file work35.txt (compact mmCIF, C-alpha atoms and all ligand atoms)
# COMPACT_ATOMS: atom_id res chain seq x y z
CA MET A 55 -13.08 -8.54 0.11
CA GLU A 56 -10.74 -6.80 -2.30
CA ARG A 57 -8.00 -6.74 0.31
CA ILE A 58 -8.28 -10.52 0.87
CA VAL A 59 -7.95 -11.15 -2.85
CA VAL A 60 -4.85 -8.94 -3.16
CA THR A 61 -3.27 -10.56 -0.12
CA ASP A 62 -3.87 -13.93 -1.77
CA VAL A 63 -2.20 -12.79 -4.98
CA VAL A 64 0.82 -11.52 -3.02
CA ALA A 65 1.09 -14.84 -1.17
CA GLU A 66 0.70 -16.83 -4.37
CA ALA A 67 3.31 -14.73 -6.17
CA ARG A 68 5.75 -15.23 -3.29
CA ARG A 69 5.15 -18.97 -3.36
CA ALA A 70 5.51 -19.27 -7.13
CA LEU A 71 8.33 -16.80 -7.73
CA GLY A 72 10.32 -17.11 -4.48
CA GLU A 73 13.54 -15.10 -4.47
CA ARG A 74 13.00 -14.02 -8.06
CA LEU A 75 10.48 -11.48 -6.73
CA LEU A 76 11.25 -8.39 -4.62
CA ILE A 77 8.50 -5.97 -3.56
CA LEU A 78 9.62 -2.53 -2.37
CA ALA A 79 7.43 0.21 -0.89
CA HIS A 80 8.16 3.83 -0.09
CA HIS A 81 7.22 5.16 3.35
CA TYR A 82 4.53 7.41 1.82
CA GLN A 83 2.61 4.46 0.32
CA ARG A 84 -0.73 3.25 1.67
CA ASP A 85 -0.58 0.87 4.68
CA GLU A 86 -1.81 -2.15 2.67
CA ILE A 87 1.05 -1.68 0.19
CA VAL A 88 3.70 -1.23 2.88
CA GLU A 89 2.42 -4.38 4.62
CA ALA A 90 2.74 -6.39 1.39
CA ALA A 91 6.34 -5.29 0.72
CA ASP A 92 9.61 -7.06 1.52
CA TYR A 93 11.12 -3.72 2.46
CA ARG A 94 9.92 -0.22 3.12
CA GLY A 95 12.26 2.75 2.95
CA ASP A 96 13.02 6.13 1.47
CA SER A 97 13.94 6.40 -2.19
CA LEU A 98 17.66 5.83 -1.75
CA GLU A 99 17.30 2.94 0.70
CA LEU A 100 14.96 1.23 -1.74
CA SER A 101 17.29 1.76 -4.69
CA ARG A 102 20.14 0.32 -2.64
CA ARG A 103 17.95 -2.69 -1.79
CA ALA A 104 17.13 -3.11 -5.46
CA ALA A 105 20.79 -2.82 -6.49
CA ALA A 106 21.88 -5.38 -3.86
CA SER A 107 19.20 -7.87 -4.84
CA ASP A 108 19.48 -10.69 -7.35
CA ALA A 109 15.71 -10.81 -7.86
CA ARG A 110 14.59 -11.04 -11.47
CA TRP A 111 11.53 -8.82 -10.88
CA ILE A 112 11.60 -5.76 -8.66
CA VAL A 113 8.12 -4.38 -8.09
CA PHE A 114 8.63 -0.77 -6.99
CA CYS A 115 5.67 0.73 -5.12
CA GLY A 116 6.48 4.41 -5.16
CA VAL A 117 6.61 7.16 -7.76
CA HIS A 118 8.08 6.92 -11.23
CA PHE A 119 11.46 8.62 -10.69
CA MET A 120 12.19 6.15 -7.88
CA ALA A 121 11.48 3.12 -10.05
CA GLU A 122 13.58 4.73 -12.78
CA THR A 123 16.49 5.15 -10.34
CA ALA A 124 16.18 1.45 -9.47
CA ALA A 125 16.17 0.63 -13.20
CA VAL A 126 19.31 2.74 -13.72
CA LEU A 127 21.11 0.85 -10.93
CA ALA A 128 19.66 -2.58 -11.84
CA LYS A 129 21.84 -5.47 -12.88
CA GLU A 130 21.76 -7.07 -16.30
CA GLY A 131 18.55 -9.04 -16.73
CA GLN A 132 16.68 -7.46 -13.80
CA ARG A 133 13.30 -5.93 -14.54
CA VAL A 134 11.76 -3.07 -12.53
CA LEU A 135 7.96 -2.86 -12.62
CA ILE A 136 5.80 -0.06 -11.23
CA PRO A 137 2.15 -0.67 -10.25
CA ARG A 138 1.09 2.82 -11.41
CA GLU A 139 2.89 4.31 -14.39
CA ASP A 140 1.12 7.63 -13.78
CA ALA A 141 2.62 8.04 -10.30
CA GLY A 142 4.69 11.16 -10.92
CA CYS A 143 6.16 13.78 -8.60
CA PHE A 144 5.48 17.53 -8.51
CA LEU A 145 9.12 18.23 -7.81
CA ALA A 146 10.58 15.92 -10.47
CA HIS A 147 8.17 17.39 -13.04
CA SER A 148 9.57 20.88 -12.50
CA ILE A 149 12.68 20.15 -14.56
CA ASP A 150 13.90 18.25 -17.62
CA TYR A 151 16.95 17.89 -19.84
CA PRO A 152 16.01 20.57 -22.43
CA SER A 153 15.30 23.19 -19.75
CA LEU A 154 18.68 22.45 -18.15
CA MET A 155 20.40 22.83 -21.52
CA GLU A 156 18.62 26.16 -21.91
CA LEU A 157 19.86 27.36 -18.53
CA TRP A 158 23.41 26.26 -19.41
CA ARG A 159 23.16 28.30 -22.62
CA VAL A 160 21.83 31.36 -20.79
CA LEU A 161 24.51 31.10 -18.08
CA SER A 162 27.20 31.25 -20.74
CA ASP A 163 26.30 34.95 -21.16
CA VAL A 164 27.86 35.75 -17.79
CA MET A 165 30.22 32.84 -17.07
CA ASP A 166 31.78 29.74 -18.58
CA PRO A 167 29.45 27.07 -17.12
CA ASP A 168 31.53 24.10 -18.30
CA GLU A 169 34.57 25.44 -16.45
CA GLU A 170 32.95 27.15 -13.48
CA VAL A 171 29.69 25.36 -12.62
CA ILE A 172 29.12 21.86 -11.28
CA PRO A 173 25.55 20.54 -11.18
CA VAL A 174 24.10 18.66 -8.20
CA ALA A 175 20.70 16.98 -8.57
CA TYR A 176 18.46 15.84 -5.78
CA VAL A 177 17.51 12.19 -6.44
CA ASN A 178 13.91 13.36 -6.89
CA THR A 179 14.55 13.90 -10.60
CA THR A 180 13.97 11.94 -13.79
CA ALA A 181 16.78 9.89 -15.34
CA ASP A 182 17.40 12.47 -18.09
CA VAL A 183 18.16 15.14 -15.47
CA LYS A 184 20.52 12.74 -13.68
CA ALA A 185 22.12 12.04 -17.06
CA PHE A 186 22.74 15.78 -17.64
CA VAL A 187 24.38 15.99 -14.22
CA GLY A 188 26.50 12.91 -14.92
CA GLU A 189 27.65 14.32 -18.27
CA LYS A 190 28.68 17.63 -16.69
CA GLY A 191 30.78 15.98 -13.96
CA GLY A 192 28.23 16.46 -11.16
CA ALA A 193 26.56 14.13 -8.68
CA CYS A 194 23.17 13.32 -7.21
CA CYS A 195 22.31 13.78 -3.56
CA THR A 196 19.59 12.82 -1.12
CA SER A 197 18.14 15.00 1.61
CA SER A 198 20.54 13.40 4.08
CA SER A 199 23.62 13.74 1.87
CA ALA A 200 22.95 17.20 0.37
CA GLU A 201 25.46 18.91 2.68
CA THR A 202 28.26 16.39 2.00
CA VAL A 203 27.66 16.47 -1.76
CA LEU A 204 27.52 20.29 -1.87
CA ARG A 205 30.84 20.49 0.01
CA TRP A 206 32.34 18.05 -2.51
CA ALA A 207 30.94 20.12 -5.40
CA PHE A 208 32.39 23.39 -4.06
CA SER A 209 35.77 21.68 -3.66
CA ARG A 210 35.77 21.05 -7.43
CA ARG A 211 34.39 24.23 -8.99
CA PRO A 212 33.64 27.76 -7.74
CA ARG A 213 29.89 27.61 -8.49
CA VAL A 214 27.19 24.99 -7.98
CA LEU A 215 23.86 24.56 -9.75
CA PHE A 216 21.50 22.75 -7.35
CA VAL A 217 18.29 21.27 -8.81
CA PRO A 218 15.35 21.08 -8.47
CA ASP A 219 14.32 21.68 -4.83
CA GLN A 220 15.06 25.31 -4.01
CA TYR A 221 14.26 24.84 -0.32
CA LEU A 222 16.52 21.84 0.18
CA GLY A 223 19.21 23.87 -1.62
CA ARG A 224 18.70 26.97 0.50
CA ASN A 225 18.41 25.09 3.79
CA THR A 226 21.66 23.28 3.00
CA ALA A 227 23.37 26.51 1.91
CA ARG A 228 22.49 28.06 5.27
CA ARG A 229 24.14 25.15 7.06
CA LEU A 230 27.23 25.72 4.94
CA GLY A 231 27.21 29.44 5.76
CA ILE A 232 26.79 30.63 2.16
CA PRO A 233 25.64 34.29 2.32
CA GLU A 234 22.27 35.22 0.76
CA GLU A 235 23.86 37.59 -1.77
CA GLU A 236 25.78 34.65 -3.26
CA ILE A 237 22.59 32.62 -3.88
CA VAL A 238 20.30 33.12 -6.91
CA VAL A 239 17.15 31.32 -8.00
CA TRP A 240 16.51 30.43 -11.64
CA ASP A 241 12.82 30.36 -12.54
CA PRO A 242 12.37 28.45 -15.83
CA ARG A 243 8.89 29.97 -16.27
CA PHE A 244 10.32 33.49 -16.30
CA PRO A 245 13.75 32.96 -17.83
CA ASP A 246 15.07 36.39 -17.13
CA LEU A 247 18.73 36.53 -16.23
CA ASP A 248 19.73 39.19 -13.72
CA ARG A 249 23.24 39.43 -15.15
CA GLU A 250 24.81 41.21 -12.21
CA ARG A 251 23.44 38.83 -9.56
CA PHE A 252 24.16 35.70 -11.56
CA ALA A 253 27.70 36.86 -12.33
CA ARG A 254 28.54 36.92 -8.61
CA ALA A 255 26.46 33.89 -7.58
CA ARG A 256 28.15 30.90 -6.01
CA LEU A 257 24.98 28.85 -5.70
CA ILE A 258 22.29 28.74 -8.41
CA LEU A 259 19.01 27.17 -7.27
CA TRP A 260 16.24 25.85 -9.50
CA ARG A 261 12.76 27.13 -8.61
CA GLY A 262 11.21 23.74 -7.75
CA THR A 263 9.34 22.69 -4.63
CA CYS A 264 7.58 19.63 -3.28
CA ASN A 265 3.84 20.34 -3.16
CA VAL A 266 3.54 18.38 0.06
CA HIS A 267 6.33 19.91 2.14
CA VAL A 268 5.65 23.44 0.92
CA ARG A 269 2.31 23.25 2.77
CA PHE A 270 3.92 23.56 6.20
CA LEU A 271 4.04 27.19 7.29
CA PRO A 272 5.75 29.17 10.07
CA GLU A 273 2.25 29.75 11.55
CA ASP A 274 1.97 25.98 12.05
CA VAL A 275 5.09 25.94 14.19
CA ARG A 276 3.87 28.95 16.20
CA ARG A 277 0.45 27.34 16.74
CA VAL A 278 2.02 24.09 17.99
CA ARG A 279 4.33 26.06 20.32
CA ARG A 280 1.27 27.85 21.71
CA GLU A 281 -1.08 24.88 22.00
CA ARG A 282 1.39 22.06 22.78
CA PRO A 283 4.48 23.69 24.34
CA GLU A 284 5.79 20.26 25.40
CA ALA A 285 5.99 19.11 21.74
CA LYS A 286 9.18 19.11 19.71
CA VAL A 287 8.92 20.09 16.07
CA ILE A 288 10.76 17.96 13.49
CA VAL A 289 10.59 18.74 9.77
CA HIS A 290 11.93 17.53 6.42
CA PRO A 291 14.48 19.81 4.67
CA GLU A 292 12.13 20.18 1.67
CA CYS A 293 10.12 22.50 3.94
CA ARG A 294 10.37 26.28 3.61
CA PRO A 295 13.51 27.78 5.21
CA GLU A 296 11.26 29.90 7.50
CA VAL A 297 9.78 26.65 8.86
CA VAL A 298 13.14 24.91 9.17
CA GLU A 299 14.50 27.88 11.13
CA LEU A 300 11.72 27.60 13.72
CA ALA A 301 11.87 23.79 14.06
CA ASP A 302 13.78 21.90 16.76
CA GLU A 303 15.04 19.25 14.37
CA VAL A 304 15.41 18.94 10.62
CA GLY A 305 16.29 15.82 8.67
CA SER A 306 15.53 13.27 6.00
CA THR A 307 12.72 10.73 6.20
CA SER A 308 15.10 8.18 7.75
CA TYR A 309 16.32 10.76 10.28
CA ILE A 310 12.75 11.64 11.25
CA ILE A 311 11.85 7.97 11.74
CA LYS A 312 15.00 7.26 13.77
CA THR A 313 14.62 10.36 15.95
CA VAL A 314 10.96 9.71 16.76
CA THR A 315 11.27 5.96 17.30
CA THR A 316 14.30 6.26 19.58
CA SER A 317 12.94 9.13 21.67
CA PRO A 318 12.07 8.41 25.34
CA PRO A 319 8.52 7.22 26.13
CA GLY A 320 6.20 10.18 26.68
CA SER A 321 7.93 12.34 24.05
CA VAL A 322 5.63 14.50 21.93
CA TRP A 323 6.43 15.18 18.26
CA ALA A 324 4.84 17.52 15.74
CA VAL A 325 6.12 16.23 12.40
CA GLY A 326 6.40 18.21 9.18
CA THR A 327 6.31 15.58 6.47
CA GLU A 328 3.91 13.45 4.40
CA GLU A 329 0.86 12.31 6.33
CA ARG A 330 0.95 8.55 5.65
CA LEU A 331 4.36 8.39 7.26
CA VAL A 332 3.27 10.58 10.18
CA SER A 333 0.15 8.52 10.94
CA ARG A 334 2.10 5.24 10.62
CA LEU A 335 4.72 6.56 13.05
CA ALA A 336 1.91 7.42 15.47
CA LYS A 337 0.30 3.98 15.10
CA GLU A 338 3.52 1.99 15.43
CA ASN A 339 4.93 3.97 18.37
CA PRO A 340 2.17 4.24 20.97
CA GLU A 341 4.67 5.09 23.74
CA VAL A 342 5.27 8.49 22.11
CA GLU A 343 2.75 11.01 20.81
CA VAL A 344 3.10 11.86 17.13
CA PHE A 345 0.94 14.24 15.09
CA SER A 346 1.20 16.36 11.96
CA LEU A 347 2.61 19.85 12.21
CA ALA A 348 -0.16 21.05 9.87
CA GLU A 349 -3.79 21.49 10.85
CA VAL A 350 -4.78 19.84 7.57
CA PRO A 351 -2.11 17.16 7.12
CA PRO A 352 -0.80 16.97 3.53
CA PHE A 353 -0.81 13.69 1.56
CA CYS A 354 1.22 13.12 -1.60
CA SER A 355 -1.49 12.50 -4.18
CA TYR A 356 0.96 10.71 -6.51
CA MET A 357 2.05 8.31 -3.78
CA SER A 358 -1.60 7.65 -2.98
CA LEU A 359 -2.32 6.45 -6.52
CA THR A 360 -1.00 2.94 -5.88
CA ARG A 361 -3.87 0.84 -4.56
CA PRO A 362 -3.67 -2.82 -3.52
CA GLU A 363 -5.41 -3.86 -6.72
CA ASP A 364 -2.68 -2.15 -8.80
CA LEU A 365 -0.04 -4.22 -7.02
CA GLY A 366 -2.27 -7.28 -7.46
CA ALA A 367 -2.49 -6.64 -11.21
CA ILE A 368 1.31 -6.52 -11.57
CA LEU A 369 1.79 -9.72 -9.55
CA GLY A 370 -1.10 -11.43 -11.33
CA GLY A 371 0.60 -10.54 -14.62
CA LEU A 372 3.88 -12.11 -13.48
CA LEU A 373 2.03 -15.26 -12.41
CA SER A 374 0.60 -15.56 -15.89
CA GLY A 375 3.97 -14.88 -17.54
CA GLU A 376 3.29 -11.25 -18.41
CA GLU A 377 5.55 -8.34 -17.41
CA ARG A 378 3.37 -5.23 -17.04
CA ASN A 379 4.50 -1.61 -16.57
CA VAL A 380 8.22 -2.32 -16.99
CA VAL A 381 10.33 0.80 -16.36
CA GLU A 382 13.04 1.08 -18.98
CA VAL A 383 15.76 3.68 -19.37
CA PRO A 384 17.56 3.86 -22.73
CA PRO A 385 21.31 3.11 -22.51
CA GLU A 386 22.36 6.61 -23.65
CA ILE A 387 20.52 8.04 -20.60
CA ARG A 388 21.18 5.16 -18.24
CA GLU A 389 24.98 5.32 -18.41
CA PRO A 390 25.47 9.03 -17.54
CA ALA A 391 22.60 8.84 -15.02
CA ARG A 392 24.30 5.89 -13.33
CA LEU A 393 27.52 7.92 -13.19
CA SER A 394 25.82 10.72 -11.23
CA LEU A 395 24.33 8.19 -8.78
CA GLU A 396 27.61 6.29 -8.38
CA ARG A 397 29.45 9.53 -7.66
CA MET A 398 26.94 10.26 -4.89
CA LEU A 399 27.45 6.79 -3.41
CA GLU A 400 31.21 7.21 -3.57
CA ILE A 401 31.19 10.71 -2.00
CA THR A 402 28.89 9.61 0.84
CA SER A 403 30.77 6.38 1.56
CA LYS A 404 33.99 8.25 2.52
S1 LIG A 501 6.12 13.96 -1.45
FE1 LIG A 501 6.84 15.60 -2.82
S2 LIG A 501 8.87 14.98 -3.51
FE2 LIG A 501 7.85 13.15 -2.64
S3 LIG A 501 6.89 12.15 -4.40
FE3 LIG A 501 5.32 13.49 -3.51
S4 LIG A 501 5.57 15.43 -4.64
FE4 LIG A 501 7.40 14.24 -5.05
call {"tool": "encode", "arguments": {"input": "work35.txt", "output": "structure tokens", "more": "lines below"}}
Ligand code: SF4
result
Amino acid sequence: MERIVVTDVVAEARRALGERLLILAHHYQRDEIVEAADYRGDSLELSRRAAASDARWIVFCGVHFMAETAAVLAKEGQRVLIPREDAGCFLAHSIDYPSLMELWRVLSDVMDPDEEVIPVAYVNTTADVKAFVGEKGGACCTSSSAETVLRWAFSRRPRVLFVPDQYLGRNTARRLGIPEEEIVVWDPRFPDLDRERFARARLILWRGTCNVHVRFLPEDVRRVRRERPEAKVIVHPECRPEVVELADEVGSTSYIIKTVTTSPPGSVWAVGTEERLVSRLAKENPEVEVFSLAEVPPFCSYMSLTRPEDLGAILGGLLSGEERNVVEVPPEIREPARLSLERMLEITSK
């Protein structure tokens, strides 16, 4: 019954608001939300959609940092609304502006960070972290552009600070051939600087992880190899390096979707990423077999917060002239944050 009501509200909002309304949904959202959206995508695809749209209201069904990124890139007069304001992200919560300032201060004991270090932030960060990166001359990256952006960063300064996903950082560093002894990890909970190691580090990683992707273990890959030797293993680069090393393929959400959906009929895939995406891939591609790499498939609890009735409440508000849960970024944060995102778009468009 509830689902019928929400579907009605979506239809009514589309009728009444027409092109002034754009509904976006991340791949990890519930099926009912994805079905109600104009577009589904990963965080960058959705931000690009938002930036290219002239809609007055962009309803972003995802987690907060994604809606914030859309708000940073939004045009004058556009409003970004999020159905659940409490939809956070374990990874994005691992870092903030003050803790970055503290690291910068600590680093100045063994180097001149403003001259020697360039920061690179994964897009899974809040706007204030993107603003820090923008102010210090750095750029954002996505899981698919991390390698390109890191190469760009090393072409500008001898050292790179990569935040906040240590595994994406390390997996990318391995692809670039950066030796282990030139990589250090900064743990903000135990801010103890190993002066000697940091002094010779080329890559400084932040000790952040995604609680979903960290759940995949090397034992999972070994079990699949044993039980389903015909299966190929494909994982997201937020997974542990030990898992990435054992996998057949590694890539962003878009890469995983493209690889699985274009594989020959009869292919078998064990997928190491969020479960809603994995089960949707299985449902929508019956000619291939798709299952989770983990025995207990991990869901993102923040992504799961958005229920159809939350979307219905936002749309119902718009129909009655009320803008609920508007995501706003103050101009002093928005401008440098936009700079770090625009640099990423420029680097990756070459
Ligand atoms: S899957 Fe991981 S990175 Fe993505 S929103 Fe959830 S916690 Fe954050």
call {"tool": "residues_around", "arguments": {"input": "work35.txt", "residues": "range 321-331 of chain A", "least_positions_apart": "5", "cutoff": "6 Å", "atoms": "all atoms listed in the file", "output": "short mmCIF file (atom, residue, chain, number, x, y, z; two decimals) with C-alpha atoms, keeping the file's coordinate frame"}}
result
data_model
loop_
_atom_site.label_atom_id
_atom_site.label_comp_id
_atom_site.auth_asym_id
_atom_site.auth_seq_id
_atom_site.Cartn_x
_atom_site.Cartn_y
_atom_site.Cartn_z
CA HIS A 81 7.22 5.16 3.35
CA TYR A 82 4.53 7.41 1.82
CA ALA A 285 5.99 19.11 21.74
CA LYS A 286 9.18 19.11 19.71
CA VAL A 287 8.92 20.09 16.07
CA ILE A 288 10.76 17.96 13.49
CA VAL A 289 10.59 18.74 9.77
CA HIS A 290 11.93 17.53 6.42
CA VAL A 342 5.27 8.49 22.11
CA GLU A 343 2.75 11.01 20.81
CA VAL A 344 3.10 11.86 17.13
CA PHE A 345 0.94 14.24 15.09
CA SER A 346 1.20 16.36 11.96
CA LEU A 347 2.61 19.85 12.21
CA PRO A 351 -2.11 17.16 7.12
CA PRO A 352 -0.80 16.97 3.53
CA PHE A 353 -0.81 13.69 1.56
#
call {"tool": "closest_residue", "arguments": {"input": "work35.txt", "among": "A:Phe144, A:Leu335, A:Thr180, A:Asp62", "to": "Ser308 in chain A", "atoms": "all atoms listed in the file"}}
result
A:Leu335
call {"tool": "closest_residue", "arguments": {"input": "work35.txt", "among": "A:Ile87, A:Ala348, A:Met398, A:Leu157", "to": "Asp246 in chain A", "atoms": "only C-alpha atoms"}}
result
A:Leu157
call {"tool": "residues_near_ligand", "arguments": {"input": "work35.txt", "ligand": "ligand LIG 501 (chain A)", "cutoff": "8 Å", "atoms": "only C-alpha atoms and all ligand atoms", "output": "PyMOL selection string"}}
result
chain A and resi 82+116-117+142-146+178+263-267+328+353-357
call {"tool": "residues_around", "arguments": {"input": "work35.txt", "residues": "Leu395 in chain A", "least_positions_apart": "2", "cutoff": "9 Å", "atoms": "only C-alpha atoms", "output": "short mmCIF file (atom, residue, chain, number, x, y, z; two decimals) with C-alpha atoms, keeping the file's coordinate frame"}}
result
data_model
loop_
_atom_site.label_atom_id
_atom_site.label_comp_id
_atom_site.auth_asym_id
_atom_site.auth_seq_id
_atom_site.Cartn_x
_atom_site.Cartn_y
_atom_site.Cartn_z
CA THR A 123 16.49 5.15 -10.34
CA VAL A 126 19.31 2.74 -13.72
CA LEU A 127 21.11 0.85 -10.93
CA VAL A 177 17.51 12.19 -6.44
CA LYS A 184 20.52 12.74 -13.68
CA GLY A 188 26.50 12.91 -14.92
CA ALA A 193 26.56 14.13 -8.68
CA CYS A 194 23.17 13.32 -7.21
CA CYS A 195 22.31 13.78 -3.56
CA PRO A 390 25.47 9.03 -17.54
CA ALA A 391 22.60 8.84 -15.02
CA ARG A 392 24.30 5.89 -13.33
CA LEU A 393 27.52 7.92 -13.19
CA ARG A 397 29.45 9.53 -7.66
CA MET A 398 26.94 10.26 -4.89
CA LEU A 399 27.45 6.79 -3.41
CA GLU A 400 31.21 7.21 -3.57
#
call {"tool": "atom_distance", "arguments": {"input": "work35.txt", "atom1": "CA of Ala70 in chain A", "atom2": "CA of Gly375 in chain A"}}
result
11.4 Å
call {"tool": "closest_residue", "arguments": {"input": "work35.txt", "among": "A:Pro173, A:Pro340, A:Gly320, A:Pro291", "to": "Trp260 in chain A", "atoms": "only C-alpha atoms"}}
result
A:Pro173
call {"tool": "residues_around", "arguments": {"input": "work35.txt", "residues": "range 241-243 of chain A", "least_positions_apart": "6", "cutoff": "10 Å", "atoms": "all atoms listed in the file", "output": "list in words"}}
result
Ser148, Ile149, Ser153, Leu154, Glu156, Leu157, Leu259, Trp260, Arg261 and Gly262 of chain A
call {"tool": "write_last_selection", "arguments": {"input": "work35.txt", "atoms": "C-alpha atoms", "output": "tab-separated table (two decimals), keeping the file's coordinate frame"}}
result
chain	number	residue	atom	x	y	z
A	148	SER	CA	9.57	20.88	-12.50
A	149	ILE	CA	12.68	20.15	-14.56
A	153	SER	CA	15.30	23.19	-19.75
A	154	LEU	CA	18.68	22.45	-18.15
A	156	GLU	CA	18.62	26.16	-21.91
A	157	LEU	CA	19.86	27.36	-18.53
A	259	LEU	CA	19.01	27.17	-7.27
A	260	TRP	CA	16.24	25.85	-9.50
A	261	ARG	CA	12.76	27.13	-8.61
A	262	GLY	CA	11.21	23.74	-7.75
call {"tool": "closest_residue", "arguments": {"input": "work35.txt", "among": "A:Ile136, A:Glu189, A:Cys293, A:Leu271", "to": "Gly223 in chain A", "atoms": "all atoms listed in the file"}}
result
A:Cys293
call {"tool": "residues_around", "arguments": {"input": "work35.txt", "residues": "Glu299 in chain A", "least_positions_apart": "2", "cutoff": "12 Å", "atoms": "only C-alpha atoms", "output": "list in words"}}
result
Tyr221, Arg224, Asn225, Thr226, Arg228, Arg229, Leu271, Pro272, Val275, Arg276, Val287, Ile288, Val289, His290, Pro291, Cys293, Arg294, Pro295, Glu296, Val297, Ala301, Asp302, Glu303 and Val304 of chain A
call {"tool": "atom_distance", "arguments": {"input": "work35.txt", "atom1": "CA of Val88 in chain A", "atom2": "CA of Ser317 in chain A"}}
result
23.4 Å
call {"tool": "build_atoms", "arguments": {"input": "work35.txt", "residues": "range 151-167 of chain A", "atoms": "N, CA and C atoms", "output": "PDB file, in the coordinates of the input"}}
result
ATOM      1  N   TYR A 151      15.664  17.715 -19.163  1.00  0.00           N
ATOM      2  CA  TYR A 151      16.950  17.890 -19.840  1.00  0.00           C
ATOM      3  C   TYR A 151      16.971  19.161 -20.704  1.00  0.00           C
ATOM      4  N   PRO A 152      15.959  19.376 -21.584  1.00  0.00           N
ATOM      5  CA  PRO A 152      16.010  20.570 -22.430  1.00  0.00           C
ATOM      6  C   PRO A 152      16.044  21.882 -21.632  1.00  0.00           C
ATOM      7  N   SER A 153      15.297  21.934 -20.509  1.00  0.00           N
ATOM      8  CA  SER A 153      15.300  23.190 -19.750  1.00  0.00           C
ATOM      9  C   SER A 153      16.648  23.395 -19.047  1.00  0.00           C
ATOM     10  N   LEU A 154      17.331  22.307 -18.732  1.00  0.00           N
ATOM     11  CA  LEU A 154      18.680  22.450 -18.150  1.00  0.00           C
ATOM     12  C   LEU A 154      19.666  22.927 -19.213  1.00  0.00           C
ATOM     13  N   MET A 155      19.525  22.393 -20.418  1.00  0.00           N
ATOM     14  CA  MET A 155      20.400  22.830 -21.520  1.00  0.00           C
ATOM     15  C   MET A 155      20.194  24.323 -21.785  1.00  0.00           C
ATOM     16  N   GLU A 156      18.925  24.746 -21.685  1.00  0.00           N
ATOM     17  CA  GLU A 156      18.620  26.160 -21.910  1.00  0.00           C
ATOM     18  C   GLU A 156      19.289  27.033 -20.840  1.00  0.00           C
ATOM     19  N   LEU A 157      19.209  26.589 -19.594  1.00  0.00           N
ATOM     20  CA  LEU A 157      19.860  27.360 -18.530  1.00  0.00           C
ATOM     21  C   LEU A 157      21.368  27.433 -18.778  1.00  0.00           C
ATOM     22  N   TRP A 158      21.958  26.310 -19.154  1.00  0.00           N
ATOM     23  CA  TRP A 158      23.410  26.260 -19.410  1.00  0.00           C
ATOM     24  C   TRP A 158      23.785  27.294 -20.490  1.00  0.00           C
ATOM     25  N   ARG A 159      22.914  27.354 -21.518  1.00  0.00           N
ATOM     26  CA  ARG A 159      23.160  28.300 -22.620  1.00  0.00           C
ATOM     27  C   ARG A 159      23.067  29.749 -22.105  1.00  0.00           C
ATOM     28  N   VAL A 160      22.035  30.004 -21.309  1.00  0.00           N
ATOM     29  CA  VAL A 160      21.830  31.360 -20.790  1.00  0.00           C
ATOM     30  C   VAL A 160      22.981  31.757 -19.854  1.00  0.00           C
ATOM     31  N   LEU A 161      23.414  30.803 -19.026  1.00  0.00           N
ATOM     32  CA  LEU A 161      24.510  31.100 -18.080  1.00  0.00           C
ATOM     33  C   LEU A 161      25.782  31.501 -18.816  1.00  0.00           C
ATOM     34  N   SER A 162      25.950  30.965 -20.014  1.00  0.00           N
ATOM     35  CA  SER A 162      27.200  31.250 -20.740  1.00  0.00           C
ATOM     36  C   SER A 162      27.311  32.728 -21.139  1.00  0.00           C
ATOM     37  N   ASP A 163      26.250  33.495 -20.945  1.00  0.00           N
ATOM     38  CA  ASP A 163      26.300  34.950 -21.160  1.00  0.00           C
ATOM     39  C   ASP A 163      27.146  35.650 -20.100  1.00  0.00           C
ATOM     40  N   VAL A 164      27.154  35.063 -18.889  1.00  0.00           N
ATOM     41  CA  VAL A 164      27.860  35.750 -17.790  1.00  0.00           C
ATOM     42  C   VAL A 164      28.986  34.926 -17.168  1.00  0.00           C
ATOM     43  N   MET A 165      29.139  33.675 -17.616  1.00  0.00           N
ATOM     44  CA  MET A 165      30.220  32.840 -17.070  1.00  0.00           C
ATOM     45  C   MET A 165      30.498  31.704 -18.056  1.00  0.00           C
ATOM     46  N   ASP A 166      31.520  30.918 -17.750  1.00  0.00           N
ATOM     47  CA  ASP A 166      31.780  29.740 -18.580  1.00  0.00           C
ATOM     48  C   ASP A 166      31.281  28.527 -17.789  1.00  0.00           C
ATOM     49  N   PRO A 167      30.006  28.106 -17.997  1.00  0.00           N
ATOM     50  CA  PRO A 167      29.450  27.070 -17.120  1.00  0.00           C
ATOM     51  C   PRO A 167      30.248  25.764 -17.117  1.00  0.00           C
TER      52      PRO A 167
END
